[in-house]
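Structure data follow from upload_8.pdb (PDB, N, CA and C atoms):
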ATOM      1  N   MET A   1      97.293 128.219  66.534
ATOM      2  CA  MET A   1      97.229 126.791  66.731
ATOM      3  C   MET A   1      97.364 126.445  68.214
ATOM      4  N   LYS A   2      98.263 127.160  68.921
ATOM      5  CA  LYS A   2      98.449 126.902  70.350
ATOM      6  C   LYS A   2      97.175 127.214  71.134
ATOM      7  N   LYS A   3      96.479 128.285  70.743
ATOM      8  CA  LYS A   3      95.238 128.638  71.425
ATOM      9  C   LYS A   3      94.175 127.567  71.203
ATOM     10  N   PHE A   4      94.124 127.017  70.009
ATOM     11  CA  PHE A   4      93.164 125.953  69.713
ATOM     12  C   PHE A   4      93.436 124.721  70.564
ATOM     13  N   ILE A   5      94.692 124.320  70.650
ATOM     14  CA  ILE A   5      95.053 123.130  71.444
ATOM     15  C   ILE A   5      94.751 123.369  72.919
ATOM     16  N   LEU A   6      95.067 124.554  73.421
ATOM     17  CA  LEU A   6      94.778 124.873  74.811
ATOM     18  C   LEU A   6      93.276 124.855  75.076
ATOM     19  N   THR A   7      92.492 125.449  74.184
ATOM     20  CA  THR A   7      91.042 125.452  74.335
ATOM     21  C   THR A   7      90.484 124.042  74.305
ATOM     22  N   LEU A   8      90.954 123.218  73.378
ATOM     23  CA  LEU A   8      90.508 121.832  73.293
ATOM     24  C   LEU A   8      90.854 121.070  74.575
ATOM     25  N   ALA A   9      92.049 121.275  75.089
ATOM     26  CA  ALA A   9      92.455 120.597  76.332
ATOM     27  C   ALA A   9      91.582 121.034  77.504
ATOM     28  N   LEU A  10      91.246 122.306  77.591
ATOM     29  CA  LEU A  10      90.388 122.788  78.668
ATOM     30  C   LEU A  10      88.980 122.206  78.563
ATOM     31  N   VAL A  11      88.447 122.124  77.363
ATOM     32  CA  VAL A  11      87.116 121.542  77.170
ATOM     33  C   VAL A  11      87.112 120.075  77.568
ATOM     34  N   VAL A  12      88.126 119.328  77.130
ATOM     35  CA  VAL A  12      88.223 117.906  77.484
ATOM     36  C   VAL A  12      88.354 117.751  78.995
ATOM     37  N   SER A  13      89.132 118.605  79.641
ATOM     38  CA  SER A  13      89.295 118.548  81.098
ATOM     39  C   SER A  13      87.982 118.829  81.808
ATOM     40  N   PHE A  14      87.240 119.822  81.332
ATOM     41  CA  PHE A  14      85.967 120.159  81.954
ATOM     42  C   PHE A  14      84.970 119.019  81.813
ATOM     43  N   VAL A  15      84.913 118.419  80.635
ATOM     44  CA  VAL A  15      84.018 117.283  80.426
ATOM     45  C   VAL A  15      84.412 116.128  81.346
ATOM     46  N   GLY A  16      85.705 115.877  81.487
ATOM     47  CA  GLY A  16      86.167 114.832  82.402
ATOM     48  C   GLY A  16      85.808 115.149  83.843
ATOM     49  N   LEU A  17      85.884 116.428  84.221
ATOM     50  CA  LEU A  17      85.545 116.840  85.569
ATOM     51  C   LEU A  17      84.064 116.621  85.846
ATOM     52  N   VAL A  18      83.214 117.001  84.904
ATOM     53  CA  VAL A  18      81.778 116.811  85.072
ATOM     54  C   VAL A  18      81.451 115.329  85.123
ATOM     55  N   LYS A  19      82.034 114.549  84.260
ATOM     56  CA  LYS A  19      81.773 113.112  84.210
ATOM     57  C   LYS A  19      82.320 112.396  85.436
ATOM     58  N   ALA A  20      83.344 112.958  86.079
ATOM     59  CA  ALA A  20      83.971 112.309  87.230
ATOM     60  C   ALA A  20      83.050 112.241  88.438
ATOM     61  N   GLN A  21      81.921 112.943  88.410
ATOM     62  CA  GLN A  21      80.989 112.898  89.519
ATOM     63  C   GLN A  21      80.206 111.590  89.557
ATOM     64  N   ALA A  22      80.243 110.828  88.487
ATOM     65  CA  ALA A  22      79.500 109.574  88.421
ATOM     66  C   ALA A  22      80.238 108.464  89.157
ATOM     67  N   ASP A  23      79.504 107.396  89.498
ATOM     68  CA  ASP A  23      80.103 106.264  90.190
ATOM     69  C   ASP A  23      80.787 105.292  89.244
ATOM     70  N   GLY A  24      80.607 105.427  87.939
ATOM     71  CA  GLY A  24      81.176 104.497  86.971
ATOM     72  C   GLY A  24      82.635 104.776  86.677
ATOM     73  N   LYS A  25      83.093 104.264  85.552
ATOM     74  CA  LYS A  25      84.488 104.446  85.127
ATOM     75  C   LYS A  25      84.599 105.693  84.262
ATOM     76  N   THR A  26      85.664 106.471  84.486
ATOM     77  CA  THR A  26      85.892 107.679  83.700
ATOM     78  C   THR A  26      87.363 107.794  83.338
ATOM     79  N   ILE A  27      87.611 108.428  82.210
ATOM     80  CA  ILE A  27      88.968 108.752  81.773
ATOM     81  C   ILE A  27      89.007 110.250  81.529
ATOM     82  N   GLY A  28      90.069 110.898  81.983
ATOM     83  CA  GLY A  28      90.174 112.331  81.823
ATOM     84  C   GLY A  28      91.598 112.778  81.619
ATOM     85  N   LEU A  29      91.751 114.074  81.435
ATOM     86  CA  LEU A  29      93.051 114.694  81.241
ATOM     87  C   LEU A  29      93.231 115.735  82.329
ATOM     88  N   ARG A  30      94.315 115.642  83.067
ATOM     89  CA  ARG A  30      94.617 116.613  84.108
ATOM     90  C   ARG A  30      95.796 117.450  83.632
ATOM     91  N   LEU A  31      95.552 118.739  83.475
ATOM     92  CA  LEU A  31      96.605 119.641  83.023
ATOM     93  C   LEU A  31      97.409 120.114  84.217
ATOM     94  N   GLY A  32      98.708 120.150  84.083
ATOM     95  CA  GLY A  32      99.592 120.575  85.167
ATOM     96  C   GLY A  32     100.993 120.117  84.886
ATOM     97  N   TYR A  33     101.756 119.929  85.945
ATOM     98  CA  TYR A  33     103.144 119.505  85.805
ATOM     99  C   TYR A  33     103.366 118.247  86.613
ATOM    100  N   PRO A  34     103.388 117.099  86.023
ATOM    101  CA  PRO A  34     103.236 116.808  84.599
ATOM    102  C   PRO A  34     101.767 116.709  84.202
ATOM    103  N   THR A  35     101.497 116.772  82.916
ATOM    104  CA  THR A  35     100.159 116.520  82.407
ATOM    105  C   THR A  35      99.876 115.034  82.566
ATOM    106  N   GLU A  36      98.671 114.702  83.044
ATOM    107  CA  GLU A  36      98.343 113.312  83.347
ATOM    108  C   GLU A  36      97.105 112.841  82.606
ATOM    109  N   ILE A  37      97.112 111.578  82.264
ATOM    110  CA  ILE A  37      95.903 110.884  81.862
ATOM    111  C   ILE A  37      95.387 110.242  83.137
ATOM    112  N   SER A  38      94.139 110.511  83.475
ATOM    113  CA  SER A  38      93.573 110.061  84.732
ATOM    114  C   SER A  38      92.473 109.032  84.471
ATOM    115  N   PHE A  39      92.445 107.987  85.271
ATOM    116  CA  PHE A  39      91.403 106.959  85.197
ATOM    117  C   PHE A  39      90.783 106.821  86.583
ATOM    118  N   GLN A  40      89.453 106.921  86.650
ATOM    119  CA  GLN A  40      88.745 106.758  87.906
ATOM    120  C   GLN A  40      87.724 105.643  87.769
ATOM    121  N   THR A  41      87.583 104.867  88.826
ATOM    122  CA  THR A  41      86.561 103.833  88.854
ATOM    123  C   THR A  41      85.902 103.837  90.224
ATOM    124  N   GLY A  42      84.588 103.710  90.235
ATOM    125  CA  GLY A  42      83.850 103.640  91.479
ATOM    126  C   GLY A  42      83.953 102.241  92.075
ATOM    127  N   LEU A  43      84.409 102.155  93.305
ATOM    128  CA  LEU A  43      84.472 100.872  93.998
ATOM    129  C   LEU A  43      83.139 100.570  94.671
ATOM    130  N   SER A  44      82.458 101.623  95.113
ATOM    131  CA  SER A  44      81.109 101.547  95.664
ATOM    132  C   SER A  44      80.530 102.950  95.547
ATOM    133  N   SER A  45      79.347 103.170  96.113
ATOM    134  CA  SER A  45      78.783 104.517  96.047
ATOM    135  C   SER A  45      79.515 105.483  96.980
ATOM    136  N   ALA A  46      80.349 104.952  97.888
ATOM    137  CA  ALA A  46      81.046 105.801  98.850
ATOM    138  C   ALA A  46      82.570 105.793  98.680
ATOM    139  N   ASN A  47      83.105 105.032  97.726
ATOM    140  CA  ASN A  47      84.554 104.935  97.546
ATOM    141  C   ASN A  47      84.892 104.876  96.062
ATOM    142  N   ARG A  48      86.055 105.408  95.706
ATOM    143  CA  ARG A  48      86.533 105.281  94.329
ATOM    144  C   ARG A  48      88.057 105.277  94.311
ATOM    145  N   LEU A  49      88.604 104.829  93.201
ATOM    146  CA  LEU A  49      90.037 104.730  92.993
ATOM    147  C   LEU A  49      90.403 105.546  91.770
ATOM    148  N   GLU A  50      91.464 106.339  91.881
ATOM    149  CA  GLU A  50      91.948 107.140  90.754
ATOM    150  C   GLU A  50      93.405 106.789  90.489
ATOM    151  N   LEU A  51      93.726 106.534  89.228
ATOM    152  CA  LEU A  51      95.095 106.260  88.797
ATOM    153  C   LEU A  51      95.491 107.306  87.766
ATOM    154  N   GLY A  52      96.721 107.778  87.848
ATOM    155  CA  GLY A  52      97.206 108.782  86.908
ATOM    156  C   GLY A  52      98.536 108.393  86.312
ATOM    157  N   LEU A  53      98.700 108.651  85.026
ATOM    158  CA  LEU A  53      99.955 108.411  84.320
ATOM    159  C   LEU A  53     100.357 109.724  83.668
ATOM    160  N   GLY A  54     101.525 110.261  84.053
ATOM    161  CA  GLY A  54     101.935 111.575  83.587
ATOM    162  C   GLY A  54     103.207 111.558  82.772
ATOM    163  N   LEU A  55     103.359 112.581  81.941
ATOM    164  CA  LEU A  55     104.537 112.758  81.097
ATOM    165  C   LEU A  55     104.841 114.244  81.007
ATOM    166  N   ARG A  56     106.127 114.573  81.120
ATOM    167  CA  ARG A  56     106.568 115.957  80.977
ATOM    168  C   ARG A  56     107.940 115.950  80.329
ATOM    169  N   THR A  57     108.139 116.782  79.323
ATOM    170  CA  THR A  57     109.441 116.902  78.657
ATOM    171  C   THR A  57     109.799 118.379  78.506
ATOM    172  N   TYR A  58     111.086 118.654  78.509
ATOM    173  CA  TYR A  58     111.612 119.980  78.210
ATOM    174  C   TYR A  58     112.464 119.866  76.968
ATOM    175  N   GLY A  59     112.457 120.874  76.176
ATOM    176  CA  GLY A  59     113.229 120.862  74.946
ATOM    177  C   GLY A  59     112.284 120.741  73.766
ATOM    178  N   TYR A  60     112.831 120.539  72.612
ATOM    179  CA  TYR A  60     112.017 120.489  71.411
ATOM    180  C   TYR A  60     112.235 119.189  70.675
ATOM    181  N   GLY A  61     111.133 118.478  70.412
ATOM    182  CA  GLY A  61     111.185 117.256  69.625
ATOM    183  C   GLY A  61     112.039 116.175  70.248
ATOM    184  N   ILE A  62     112.761 115.495  69.402
ATOM    185  CA  ILE A  62     113.577 114.368  69.847
ATOM    186  C   ILE A  62     114.800 114.814  70.635
ATOM    187  N   ASN A  63     115.131 116.096  70.574
ATOM    188  CA  ASN A  63     116.316 116.606  71.269
ATOM    189  C   ASN A  63     115.980 117.179  72.643
ATOM    190  N   SER A  64     114.907 116.708  73.258
ATOM    191  CA  SER A  64     114.570 117.225  74.575
ATOM    192  C   SER A  64     115.640 116.816  75.580
ATOM    193  N   ASN A  65     115.882 117.678  76.556
ATOM    194  CA  ASN A  65     116.948 117.397  77.504
ATOM    195  C   ASN A  65     116.441 116.982  78.885
ATOM    196  N   TYR A  66     115.158 116.903  79.073
ATOM    197  CA  TYR A  66     114.602 116.483  80.357
ATOM    198  C   TYR A  66     113.301 115.729  80.093
ATOM    199  N   THR A  67     113.158 114.569  80.698
ATOM    200  CA  THR A  67     111.942 113.776  80.557
ATOM    201  C   THR A  67     111.517 113.275  81.931
ATOM    202  N   GLU A  68     110.235 113.359  82.204
ATOM    203  CA  GLU A  68     109.698 112.895  83.488
ATOM    204  C   GLU A  68     108.468 112.030  83.236
ATOM    205  N   PHE A  69     108.407 110.882  83.885
ATOM    206  CA  PHE A  69     107.237 110.012  83.888
ATOM    207  C   PHE A  69     106.759 109.914  85.325
ATOM    208  N   SER A  70     105.458 109.846  85.517
ATOM    209  CA  SER A  70     104.950 109.679  86.871
ATOM    210  C   SER A  70     103.734 108.764  86.866
ATOM    211  N   LEU A  71     103.544 108.083  87.968
ATOM    212  CA  LEU A  71     102.399 107.206  88.182
ATOM    213  C   LEU A  71     101.866 107.515  89.570
ATOM    214  N   SER A  72     100.562 107.759  89.666
ATOM    215  CA  SER A  72      99.978 108.076  90.960
ATOM    216  C   SER A  72      98.719 107.253  91.183
ATOM    217  N   GLY A  73      98.414 107.024  92.428
ATOM    218  CA  GLY A  73      97.208 106.313  92.813
ATOM    219  C   GLY A  73      96.581 106.986  94.016
ATOM    220  N   ILE A  74      95.267 107.173  93.980
ATOM    221  CA  ILE A  74      94.556 107.844  95.062
ATOM    222  C   ILE A  74      93.305 107.039  95.412
ATOM    223  N   TYR A  75      93.132 106.739  96.687
ATOM    224  CA  TYR A  75      91.914 106.118  97.190
ATOM    225  C   TYR A  75      91.059 107.228  97.773
ATOM    226  N   GLN A  76      89.798 107.332  97.339
ATOM    227  CA  GLN A  76      88.959 108.455  97.746
ATOM    228  C   GLN A  76      87.679 107.976  98.416
ATOM    229  N   TRP A  77      87.277 108.723  99.453
ATOM    230  CA  TRP A  77      85.982 108.536 100.085
ATOM    231  C   TRP A  77      85.064 109.625  99.541
ATOM    232  N   VAL A  78      83.851 109.253  99.169
ATOM    233  CA  VAL A  78      82.915 110.181  98.528
ATOM    234  C   VAL A  78      81.680 110.343  99.414
ATOM    235  N   TRP A  79      81.279 111.610  99.640
ATOM    236  CA  TRP A  79      80.062 111.908 100.388
ATOM    237  C   TRP A  79      79.081 112.606  99.458
ATOM    238  N   ASP A  80      77.861 112.155  99.490
ATOM    239  CA  ASP A  80      76.799 112.673  98.637
ATOM    240  C   ASP A  80      76.267 113.988  99.218
ATOM    241  N   LEU A  81      76.259 115.028  98.397
ATOM    242  CA  LEU A  81      75.713 116.326  98.808
ATOM    243  C   LEU A  81      74.547 116.717  97.898
ATOM    244  N   GLU A  82      73.641 115.774  97.663
ATOM    245  CA  GLU A  82      72.475 116.028  96.812
ATOM    246  C   GLU A  82      71.621 117.175  97.336
ATOM    247  N   SER A  83      71.686 117.455  98.639
ATOM    248  CA  SER A  83      70.882 118.543  99.202
ATOM    249  C   SER A  83      71.315 119.907  98.660
ATOM    250  N   LEU A  84      72.573 120.022  98.219
ATOM    251  CA  LEU A  84      73.062 121.281  97.659
ATOM    252  C   LEU A  84      72.772 121.394  96.164
ATOM    253  N   SER A  85      73.002 120.304  95.447
ATOM    254  CA  SER A  85      72.795 120.298  94.001
ATOM    255  C   SER A  85      72.772 118.856  93.522
ATOM    256  N   LYS A  86      71.952 118.578  92.525
ATOM    257  CA  LYS A  86      71.837 117.219  92.014
ATOM    258  C   LYS A  86      73.185 116.740  91.450
ATOM    259  N   GLY A  87      73.625 115.557  91.886
ATOM    260  CA  GLY A  87      74.874 114.991  91.408
ATOM    261  C   GLY A  87      76.123 115.572  92.042
ATOM    262  N   PHE A  88      75.972 116.402  93.077
ATOM    263  CA  PHE A  88      77.118 117.056  93.713
ATOM    264  C   PHE A  88      77.682 116.154  94.801
ATOM    265  N   ASN A  89      79.001 115.938  94.788
ATOM    266  CA  ASN A  89      79.681 115.098  95.769
ATOM    267  C   ASN A  89      80.844 115.859  96.379
ATOM    268  N   TRP A  90      81.229 115.458  97.563
ATOM    269  CA  TRP A  90      82.421 115.952  98.231
ATOM    270  C   TRP A  90      83.302 114.747  98.473
ATOM    271  N   TYR A  91      84.609 114.887  98.288
ATOM    272  CA  TYR A  91      85.480 113.734  98.470
ATOM    273  C   TYR A  91      86.798 114.134  99.115
ATOM    274  N   ALA A  92      87.415 113.137  99.753
ATOM    275  CA  ALA A  92      88.743 113.273 100.339
ATOM    276  C   ALA A  92      89.457 111.957 100.111
ATOM    277  N   GLY A  93      90.775 111.990 100.077
ATOM    278  CA  GLY A  93      91.489 110.747  99.812
ATOM    279  C   GLY A  93      92.941 110.789 100.210
ATOM    280  N   VAL A  94      93.555 109.633 100.112
ATOM    281  CA  VAL A  94      94.988 109.488 100.354
ATOM    282  C   VAL A  94      95.592 108.780  99.152
ATOM    283  N   GLY A  95      96.850 109.058  98.899
ATOM    284  CA  GLY A  95      97.461 108.427  97.732
ATOM    285  C   GLY A  95      98.970 108.502  97.780
ATOM    286  N   ALA A  96      99.551 107.961  96.746
ATOM    287  CA  ALA A  96     101.000 107.940  96.612
ATOM    288  C   ALA A  96     101.359 108.066  95.143
ATOM    289  N   GLY A  97     102.586 108.421  94.895
ATOM    290  CA  GLY A  97     103.050 108.544  93.517
ATOM    291  C   GLY A  97     104.488 108.091  93.368
ATOM    292  N   LEU A  98     104.800 107.629  92.181
ATOM    293  CA  LEU A  98     106.148 107.260  91.818
ATOM    294  C   LEU A  98     106.559 108.068  90.595
ATOM    295  N   GLY A  99     107.795 108.440  90.530
ATOM    296  CA  GLY A  99     108.244 109.206  89.382
ATOM    297  C   GLY A  99     109.639 108.822  88.941
ATOM    298  N   TYR A 100     109.914 109.079  87.673
ATOM    299  CA  TYR A 100     111.225 108.840  87.087
ATOM    300  C   TYR A 100     111.552 110.033  86.201
ATOM    301  N   TYR A 101     112.763 110.535  86.312
ATOM    302  CA  TYR A 101     113.179 111.603  85.414
ATOM    303  C   TYR A 101     114.605 111.349  84.947
ATOM    304  N   SER A 102     114.907 111.885  83.791
ATOM    305  CA  SER A 102     116.267 111.741  83.264
ATOM    306  C   SER A 102     116.646 113.006  82.502
ATOM    307  N   TYR A 103     117.917 113.315  82.579
ATOM    308  CA  TYR A 103     118.510 114.390  81.794
ATOM    309  C   TYR A 103     119.348 113.751  80.705
ATOM    310  N   THR A 104     119.188 114.218  79.483
ATOM    311  CA  THR A 104     119.973 113.676  78.376
ATOM    312  C   THR A 104     120.829 114.750  77.756
TER     313      THR A 104
END
Could you spell out this file's structure in structure tokens?
Amino acid sequence: MKKFILTLALVVSFVGLVKAQADGKTIGLRLGYPTEISFQTGLSSANRLELGLGLRTYGYGINSNYTEFSLSGIYQWVWDLESLSKGFNWYAGVGAGLGYYSYT
């Protein structure tokens, strides 16, 4: 069951990564510490905004002893590299994050 969930998460992440090359709005899953739900929106053909909401817990079920929430925002500049491959972009950005954690 764990392998199935991991495989499903990787597929969803890859689809989000491929879709993130577009200028429109996208929602994706970023695996890591913490795992994040990511939202990207194109502000123009050369700029975009990414927001992330993350959650991480340690322990099992309702008796977890560590919980972390995070919120991040990234402003990105996008450069078109169509000469290398169709739909290929290069980007750089700056951002900030806020986090909250508690031990119970």
Practice prompt. Can you turn the PyMOL selection byres ((chain A and resi 27) around 6) into a concrete residue list for this file, as a ChimeraX atom specification?
Written response: /A:16,25-26,28-29,38-40
Worksheet, complete the sentence: Atom pair CA of Phe69 in chain A + CA of Glu50 in chain A, distance 17.0 Å
Worksheet item: Quick one: which residues end up in the PyMOL selection byres (((chain A and resi 93 and name CA) around 9) and name CA) for this structure, as a PyMOL selection string?
Response: chain A and resi 74-78+91-92+94-95
Worksheet item: Which residues fall under the PyMOL selection byres ((chain A and resi 70-73) around 8) in this file, as number ranges by chain?
Response: A: 34, 36, 49-56, 67-69, 74-76, 94-101
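The gap separating atom C of Ser102 in chain A from CA of Tyr66 in chain A is 4.6 Å, in Å to one decimal.
Here CA of Thr57 in chain A stands at a distance of 12.4 Å from CA of Gly32 in chain A.
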Put range 18-50 of chain A into a file with N, CA and C atoms, as a CSV table (one decimal), in the first residue's frame.
chain,number,residue,atom,x,y,z
A,18,VAL,N,5.1,19.1,-15.2
A,18,VAL,CA,4.9,19.3,-16.7
A,18,VAL,C,3.9,20.4,-16.9
A,19,LYS,N,2.8,20.4,-16.2
A,19,LYS,CA,1.8,21.5,-16.4
A,19,LYS,C,2.3,22.8,-15.9
A,20,ALA,N,3.3,22.9,-15.0
A,20,ALA,CA,3.7,24.2,-14.4
A,20,ALA,C,4.5,25.0,-15.5
A,21,GLN,N,4.8,24.4,-16.6
A,21,GLN,CA,5.5,25.2,-17.7
A,21,GLN,C,4.5,26.1,-18.4
A,22,ALA,N,3.2,26.0,-18.2
A,22,ALA,CA,2.3,26.9,-18.8
A,22,ALA,C,2.1,28.2,-18.1
A,23,ASP,N,1.6,29.2,-18.8
A,23,ASP,CA,1.4,30.5,-18.2
A,23,ASP,C,0.1,30.6,-17.4
A,24,GLY,N,-0.7,29.6,-17.4
A,24,GLY,CA,-2.0,29.7,-16.7
A,24,GLY,C,-1.9,29.3,-15.3
A,25,LYS,N,-3.0,28.9,-14.7
A,25,LYS,CA,-3.0,28.6,-13.2
A,25,LYS,C,-2.8,27.1,-13.1
A,26,THR,N,-2.0,26.7,-12.1
A,26,THR,CA,-1.7,25.2,-11.9
A,26,THR,C,-1.7,25.0,-10.4
A,27,ILE,N,-2.1,23.7,-10.1
A,27,ILE,CA,-2.1,23.2,-8.7
A,27,ILE,C,-1.2,22.0,-8.7
A,28,GLY,N,-0.3,21.8,-7.8
A,28,GLY,CA,0.5,20.7,-7.7
A,28,GLY,C,0.8,20.2,-6.3
A,29,LEU,N,1.6,19.2,-6.2
A,29,LEU,CA,2.0,18.6,-4.9
A,29,LEU,C,3.5,18.6,-4.9
A,30,ARG,N,4.1,19.2,-3.9
A,30,ARG,CA,5.6,19.1,-3.8
A,30,ARG,C,5.9,18.2,-2.6
A,31,LEU,N,6.7,17.2,-2.9
A,31,LEU,CA,7.1,16.2,-1.9
A,31,LEU,C,8.3,16.7,-1.2
A,32,GLY,N,8.4,16.6,0.1
A,32,GLY,CA,9.6,17.1,0.8
A,32,GLY,C,9.3,17.2,2.2
A,33,TYR,N,10.0,18.1,2.9
A,33,TYR,CA,9.8,18.4,4.3
A,33,TYR,C,9.5,19.9,4.5
A,34,PRO,N,8.3,20.3,4.7
A,34,PRO,CA,7.1,19.6,4.7
A,34,PRO,C,6.6,19.3,3.3
A,35,THR,N,5.6,18.4,3.1
A,35,THR,CA,4.9,18.2,1.9
A,35,THR,C,4.0,19.4,1.7
A,36,GLU,N,4.0,20.0,0.5
A,36,GLU,CA,3.3,21.2,0.2
A,36,GLU,C,2.3,21.0,-0.9
A,37,ILE,N,1.2,21.7,-0.8
A,37,ILE,CA,0.3,21.9,-1.9
A,37,ILE,C,0.7,23.2,-2.6
A,38,SER,N,1.0,23.2,-3.8
A,38,SER,CA,1.5,24.4,-4.5
A,38,SER,C,0.5,24.9,-5.5
A,39,PHE,N,0.4,26.3,-5.6
A,39,PHE,CA,-0.5,26.9,-6.5
A,39,PHE,C,0.4,28.0,-7.3
A,40,GLN,N,0.3,27.9,-8.6
A,40,GLN,CA,1.1,28.8,-9.4
A,40,GLN,C,0.1,29.5,-10.4
A,41,THR,N,0.3,30.8,-10.6
A,41,THR,CA,-0.4,31.6,-11.5
A,41,THR,C,0.5,32.5,-12.3
A,42,GLY,N,0.3,32.5,-13.6
A,42,GLY,CA,1.0,33.4,-14.5
A,42,GLY,C,0.5,34.9,-14.4
A,43,LEU,N,1.4,35.8,-14.0
A,43,LEU,CA,1.1,37.2,-14.0
A,43,LEU,C,1.2,37.8,-15.3
A,44,SER,N,2.2,37.3,-16.1
A,44,SER,CA,2.4,37.7,-17.5
A,44,SER,C,3.2,36.6,-18.2
A,45,SER,N,3.6,36.8,-19.4
A,45,SER,CA,4.4,35.7,-20.0
A,45,SER,C,5.8,35.6,-19.5
A,46,ALA,N,6.2,36.7,-18.7
A,46,ALA,CA,7.5,36.7,-18.2
A,46,ALA,C,7.6,36.6,-16.6
A,47,ASN,N,6.5,36.6,-16.0
A,47,ASN,CA,6.4,36.6,-14.5
A,47,ASN,C,5.3,35.6,-14.0
A,48,ARG,N,5.6,35.0,-12.8
A,48,ARG,CA,4.5,34.2,-12.2
A,48,ARG,C,4.7,34.2,-10.7
A,49,LEU,N,3.6,33.8,-10.0
A,49,LEU,CA,3.6,33.8,-8.6
A,49,LEU,C,3.3,32.4,-8.1
A,50,GLU,N,4.0,31.9,-7.1
A,50,GLU,CA,3.8,30.6,-6.6
A,50,GLU,C,3.5,30.7,-5.1
